[in-house]
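Participant: Starting off with a structure, shown below.
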Amino acid sequence: MQRTIINPWTWSLKFGFNQAEILEGVTRELVCAGQTAVDADGNPQHPNDMRGQITLAFENLETVLAAAGMSPANLKRLTIYATDMDAALQNLDVLGAKLGRFGASPPMTMLGVSRLALPPLMVEIEATAVA
């Protein structure tokens, strides 16, 4: 897969994402359900801890990617839903560090929502990956 980064402005780079990417040579696409801070039995973890929830949600996303033979390097798009935008933005460095290990900075959208499926959950990461 060949990636061509499109950044007509550079402000998004300090947040760890590109404005767009051209992806060529893609043969497989994985559409992931939103990943949250739940354990293997679906029980919410890290109540009232945005940093812990972002960390676990991304780890769960990594697990899904690995099960499909992919890694965060294959991410083509992320959408992040957060019930507390200020807390999410204050802890977004966790996501940046995890993506950085793979040299990944996919286009991303972050949305504030009033709640997620289970009340203790504060963040959900939805992803699409390609190989």
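Chain labels run A, B, ... following the order of the structure tokens; each chain numbers its residues from 1, and ligands are numbered from 1 in the order shown.
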Mind dumping a table of every region 51-74 of chain A residue within 12 Å of region 8-29 of chain A, with the nearest atom pair and its distance in Å to one decimal, using only C-alpha atoms, sorted by chain and rising number, as a tab-separated table?

Facilitator:
```
residue	atom	partner	partner_atom	distance
A:Leu65	CA	A:Glu29	CA	11.0
A:Ala68	CA	A:Glu29	CA	9.9
A:Gly69	CA	A:Arg28	CA	10.6
A:Met70	CA	A:Arg28	CA	10.2
A:Asn74	CA	A:Glu29	CA	9.3
```

Participant: Residues as selected, C-alpha atoms, written as a PDB file, in the first residue's frame, can you do that?

Facilitator:
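This went into part.pdb:
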```
ATOM      1  CA  LEU A  65      -6.525  -5.134  13.968  1.00  0.00           C
ATOM      2  CA  ALA A  68      -7.293  -9.330  10.986  1.00  0.00           C
ATOM      3  CA  GLY A  69      -3.529  -9.511  10.382  1.00  0.00           C
ATOM      4  CA  MET A  70      -3.138  -5.728  10.570  1.00  0.00           C
ATOM      5  CA  ASN A  74      -2.931   0.058   8.391  1.00  0.00           C
TER       6      ASN A  74
END
```

Participant: Which residues of region 32-67 of chain A sit at most 7 Å from region 105-128 of chain A, using only C-alpha atoms? Give each one's shortest atom pair and distance in Å (one decimal place), in chain and ascending residue order, as a Markdown table.

Facilitator:
```
| residue | atom | partner | partner_atom | distance |
| --- | --- | --- | --- | --- |
| A:Cys32 | CA | A:Ala127 | CA | 5.3 |
| A:Ala33 | CA | A:Glu126 | CA | 5.9 |
| A:Gly34 | CA | A:Glu126 | CA | 4.0 |
| A:Gln35 | CA | A:Ile125 | CA | 5.1 |
| A:Thr36 | CA | A:Glu124 | CA | 4.7 |
| A:Ala37 | CA | A:Leu121 | CA | 6.8 |
| A:Pro44 | CA | A:Pro120 | CA | 6.6 |
| A:Pro47 | CA | A:Pro120 | CA | 5.6 |
| A:Met50 | CA | A:Met122 | CA | 6.6 |
| A:Gln53 | CA | A:Val123 | CA | 6.6 |
| A:Ile54 | CA | A:Val123 | CA | 6.4 |
| A:Ala57 | CA | A:Ile125 | CA | 6.6 |
```

Participant: Rank A:Arg51, A:Val31, A:Asn7, A:Met1 by their smallest atom-to-atom distance to Gln90 (chain A), using only C-alpha atoms, and report the top residue only.

Facilitator: A:Arg51

Participant: Please measure the separation of CA of Gly52 (chain A) and CA of Val130 (chain A), giving the value in Å to one decimal.

Facilitator: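 These two atoms are separated by 27.1 Å.
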
Participant: Which of chain A end up as strand (DSSP E or B) when DSSP is run on this backbone - answer as an mmCIF file with C-alpha atoms, in the first residue's frame?

Facilitator:
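Result written to result_24.cif:
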```
data_model
loop_
_atom_site.group_PDB
_atom_site.id
_atom_site.type_symbol
_atom_site.label_atom_id
_atom_site.label_comp_id
_atom_site.auth_asym_id
_atom_site.auth_seq_id
_atom_site.Cartn_x
_atom_site.Cartn_y
_atom_site.Cartn_z
ATOM 1 C CA GLN A 2 1.295 3.437 -0.968
ATOM 2 C CA ARG A 3 0.275 6.485 1.107
ATOM 3 C CA THR A 4 0.472 10.027 -0.209
ATOM 4 C CA ILE A 5 -0.127 12.571 2.546
ATOM 5 C CA ILE A 6 -2.251 15.614 1.735
ATOM 6 C CA ALA A 20 -6.137 13.457 3.973
ATOM 7 C CA GLU A 21 -4.230 10.563 2.449
ATOM 8 C CA ILE A 22 -4.324 8.979 -0.970
ATOM 9 C CA LEU A 23 -4.147 5.201 -0.580
ATOM 10 C CA GLU A 24 -3.059 3.136 -3.570
ATOM 11 C CA GLU A 29 -10.431 -3.146 3.931
ATOM 12 C CA LEU A 30 -11.391 -3.723 7.563
ATOM 13 C CA VAL A 31 -14.312 -1.761 9.020
ATOM 14 C CA GLN A 35 -13.864 0.200 20.416
ATOM 15 C CA VAL A 38 -14.190 -2.716 28.116
ATOM 16 C CA PRO A 44 -16.598 -1.158 31.276
ATOM 17 C CA LEU A 75 -5.408 2.622 9.751
ATOM 18 C CA LYS A 76 -6.951 4.764 7.035
ATOM 19 C CA ARG A 77 -9.413 6.716 9.211
ATOM 20 C CA LEU A 78 -10.339 7.230 12.862
ATOM 21 C CA THR A 79 -13.438 8.731 14.407
ATOM 22 C CA ILE A 80 -13.315 9.429 18.122
ATOM 23 C CA TYR A 81 -16.473 10.001 20.127
ATOM 24 C CA ALA A 82 -16.057 11.572 23.570
ATOM 25 C CA MET A 108 -9.309 11.703 12.085
ATOM 26 C CA THR A 109 -12.506 13.307 13.317
ATOM 27 C CA MET A 110 -13.345 13.906 16.983
ATOM 28 C CA LEU A 111 -16.951 14.409 18.062
ATOM 29 C CA GLY A 112 -18.509 15.344 21.371
ATOM 30 C CA VAL A 123 -14.658 7.495 24.702
ATOM 31 C CA GLU A 124 -15.180 5.296 21.656
ATOM 32 C CA ILE A 125 -12.745 4.851 18.756
ATOM 33 C CA GLU A 126 -14.156 3.833 15.392
ATOM 34 C CA ALA A 127 -11.670 2.836 12.689
ATOM 35 C CA THR A 128 -11.221 1.693 9.134
ATOM 36 C CA ALA A 129 -7.997 -0.032 8.090
ATOM 37 C CA VAL A 130 -6.628 -1.224 4.763
#
```

Participant: One decimal, in Å: what's the spacing between CA of Lys98 (chain A) and CA of Ala73 (chain A)?

Facilitator: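 Between CA of Lys98 (chain A) and CA of Ala73 (chain A) the gap works out to 10.5 Å.
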